[in-house]
Amino acid sequence: MLKVLFQPLNPPRLPPADSFLNQTVLVTGSNTGLGRETVRHVLSLGASNIIMGVRSVSKGEKARDDVLSSLSNASEKTVEVWELDMSNFQSVMAFAQRVKEYVKDKGRRLDIAIMNAGLAKLGWNVSADNWEMQIQVNGLSTALLSLELLPILVQQSSSKMGKKLQGKQSKPRLMIVASDSHQAALVPQRTAPNILAALNDKTQWEQAQAKNPIERYAVSKLFSQWINIELSKLVPVDPVTGELSVVVTSATPGFCASELMRDGAPWIFRLMAALFARKPEVGSKAIVDAAARDDGHGKWFENQKLTEPGNIVSSSEGKALREKAWKEIIEILKQVDPELKLSY
């Protein structure tokens, strides 16, 4: 609560003006809110190509037009709008395949991927793949897309397909938009024989939500921490530079008006949002800053500072929970893509 109260006194700042000079940046969930403003910021900071991953192409095109209309050098930018439905594994796979085909073309590459797509639901909703919606969108599909994009980013690393930006090599980055709400997760399902199966049980969901109205959202954002940590462990060292070939990191934009407001949030959340929430154009600065940094591999930024994610992540019990859940996540995703790359 105190963090929210002091948010207006600690607004995030954008990174240097050339942070994304001539780079290609992919942003999911970019037709509205934080995602759209992230696109606007990275373009203003020098990005030359943007891939917008959106559920509705028509809405995405309107967002693209809105962003470009605000730029004085819009004619120099290329912004592509691609369909991506994170509630459907096959849509995620089709999107990932399109990225793979994209980077095969001469002169095209992927420098940064920002996993922003997400949702907050207070009711029980089931995806086309028969998973509770927040677990699928914020968790499973985010993990799947991140794992599919990581080999592409590794291939784009400096020693293999280097792109010099003002005399220095660019390093590919994968940035996962997280939330500090994961610290509120109780996860009573942690003792179940299969954690994800328990999370997908409506009766257990009802019991957990009765104790904590944002429990499911908090758990789904705990996935963000797991994905960040586990993917960071997969990244290989570049044999030429001796450095990690890709930076994987995560950050919270803070409490923003775009988060829990879409699904009939309780009055207390609406009141707090009206008084203290960051606007998307402000909160997105924290996302953009994290995507430009090299110092947060496998770590989490809050208010643009490396921050301990809390006991639910860092304690011995939290680590055991992550390891158990990640094993289950991989088992599910291997059913979607049997060739999923898990070692380098």
# chains A, B, ... in the order shown; residues from 1 in each chain; ligands from 1

$ residues_around --residues "segment 334-338 of chain A" --least-positions-apart "5" --cutoff "9 Å" --atoms "only C-alpha atoms" --output "JSON, numbers by chain"
{"A": [89, 90, 93, 144, 329]}

$ write_last_selection --atoms "C-alpha atoms" --output "PDB file, in the first residue's frame"
ATOM      1  CA  PHE A  89      -1.275 -21.783 -28.146  1.00  0.00           C
ATOM      2  CA  GLN A  90      -1.575 -22.198 -31.912  1.00  0.00           C
ATOM      3  CA  MET A  93       3.155 -20.719 -32.393  1.00  0.00           C
ATOM      4  CA  LEU A 144       5.935 -20.431 -24.652  1.00  0.00           C
ATOM      5  CA  ILE A 329       5.101 -25.792 -17.355  1.00  0.00           C
TER       6      ILE A 329
END

$ closest_atom_pairs --of "segment 248-322 of chain A" --to "segment 180-202 of chain A" --cutoff "10 Å" --atoms "only C-alpha atoms" --output "JSON lines"
{"residue": "A:Ala251", "atom": "CA", "partner": "A:Asp180", "partner_atom": "CA", "distance": 8.9}
{"residue": "A:Thr252", "atom": "CA", "partner": "A:Asp180", "partner_atom": "CA", "distance": 6.5}
{"residue": "A:Pro253", "atom": "CA", "partner": "A:Asp180", "partner_atom": "CA", "distance": 9.1}
{"residue": "A:Gly254", "atom": "CA", "partner": "A:Asp180", "partner_atom": "CA", "distance": 7.4}
{"residue": "A:Phe255", "atom": "CA", "partner": "A:Asp180", "partner_atom": "CA", "distance": 8.5}
{"residue": "A:Trp300", "atom": "CA", "partner": "A:Asp180", "partner_atom": "CA", "distance": 9.7}
{"residue": "A:Phe301", "atom": "CA", "partner": "A:Asp180", "partner_atom": "CA", "distance": 9.8}
{"residue": "A:Glu302", "atom": "CA", "partner": "A:Asp180", "partner_atom": "CA", "distance": 7.8}
{"residue": "A:Pro309", "atom": "CA", "partner": "A:Gln183", "partner_atom": "CA", "distance": 7.4}
{"residue": "A:Gly310", "atom": "CA", "partner": "A:Gln183", "partner_atom": "CA", "distance": 6.3}
{"residue": "A:Asn311", "atom": "CA", "partner": "A:Gln183", "partner_atom": "CA", "distance": 7.8}
{"residue": "A:Ile312", "atom": "CA", "partner": "A:Gln183", "partner_atom": "CA", "distance": 6.4}
{"residue": "A:Val313", "atom": "CA", "partner": "A:Gln183", "partner_atom": "CA", "distance": 8.3}
{"residue": "A:Glu317", "atom": "CA", "partner": "A:Arg190", "partner_atom": "CA", "distance": 9.7}
{"residue": "A:Gly318", "atom": "CA", "partner": "A:Arg190", "partner_atom": "CA", "distance": 9.6}
{"residue": "A:Ala320", "atom": "CA", "partner": "A:Arg190", "partner_atom": "CA", "distance": 9.5}
{"residue": "A:Leu321", "atom": "CA", "partner": "A:Arg190", "partner_atom": "CA", "distance": 6.5}
{"residue": "A:Arg322", "atom": "CA", "partner": "A:Arg190", "partner_atom": "CA", "distance": 9.6}

$ write_last_selection --atoms "C-alpha atoms" --output "PDB file, in the first residue's frame"
ATOM      1  CA  ALA A 251      10.335  -5.103 -14.552  1.00  0.00           C
ATOM      2  CA  THR A 252       7.141  -3.746 -13.104  1.00  0.00           C
ATOM      3  CA  PRO A 253       5.659  -0.523 -14.502  1.00  0.00           C
ATOM      4  CA  GLY A 254       4.141   0.060 -11.087  1.00  0.00           C
ATOM      5  CA  PHE A 255       0.454   0.332 -10.306  1.00  0.00           C
ATOM      6  CA  TRP A 300      13.708  -7.781 -11.464  1.00  0.00           C
ATOM      7  CA  PHE A 301      13.426  -4.005 -11.643  1.00  0.00           C
ATOM      8  CA  GLU A 302      11.044  -2.029  -9.477  1.00  0.00           C
ATOM      9  CA  PRO A 309      11.323 -10.103  -5.591  1.00  0.00           C
ATOM     10  CA  GLY A 310      10.373 -11.302  -2.116  1.00  0.00           C
ATOM     11  CA  ASN A 311      10.179 -14.574  -0.211  1.00  0.00           C
ATOM     12  CA  ILE A 312       7.633 -16.096  -2.572  1.00  0.00           C
ATOM     13  CA  VAL A 313      10.453 -16.115  -5.127  1.00  0.00           C
ATOM     14  CA  GLU A 317      10.392 -22.655  -0.255  1.00  0.00           C
ATOM     15  CA  GLY A 318       9.854 -20.185  -3.092  1.00  0.00           C
ATOM     16  CA  ALA A 320      11.240 -25.217  -4.570  1.00  0.00           C
ATOM     17  CA  LEU A 321       7.846 -23.963  -5.736  1.00  0.00           C
ATOM     18  CA  ARG A 322       9.398 -22.441  -8.859  1.00  0.00           C
TER      19      ARG A 322
END

$ closest_residue --among "A:Leu342, A:Leu275, A:Leu222, A:Val67" --to "Ser146 of chain A" --atoms "only C-alpha atoms"
A:Leu342

$ atom_distance --atom1 "atom CA of His41 of chain A" --atom2 "atom CA of Asn88 of chain A"
28.5 Å

$ closest_residue --among "A:Val219, A:Trp124, A:Ile51, A:Cys256" --to "Ala274 of chain A" --atoms "only C-alpha atoms"
A:Cys256

$ closest_residue --among "A:Val282, A:Leu271, A:Met175, A:Ser316" --to "Lys299 of chain A" --atoms "only C-alpha atoms"
A:Met175

$ residues_around --residues "Ser157 of chain A" --least-positions-apart "3" --cutoff "12 Å" --atoms "only C-alpha atoms" --output "PyMOL selection string"
chain A and resi 109-112+150-154+160-164+169-173+235-247

$ residues_around --residues "Gly53 of chain A" --least-positions-apart "6" --cutoff "7 Å" --atoms "only C-alpha atoms" --output "JSON, numbers by chain"
{"A": [27, 28, 29, 30, 81, 82, 83, 84]}

$ closest_residue --among "A:Ala257, A:Ile227, A:Met133, A:Val39" --to "Ala277 of chain A" --atoms "only C-alpha atoms"
A:Ala257

$ closest_residue --among "A:Leu340, A:Met115, A:Ala74, A:Leu34" --to "Arg278 of chain A" --atoms "only C-alpha atoms"
A:Leu34

$ atom_distance --atom1 "atom CA of Ala291 of chain A" --atom2 "atom CA of Thr249 of chain A"
7.7 Å
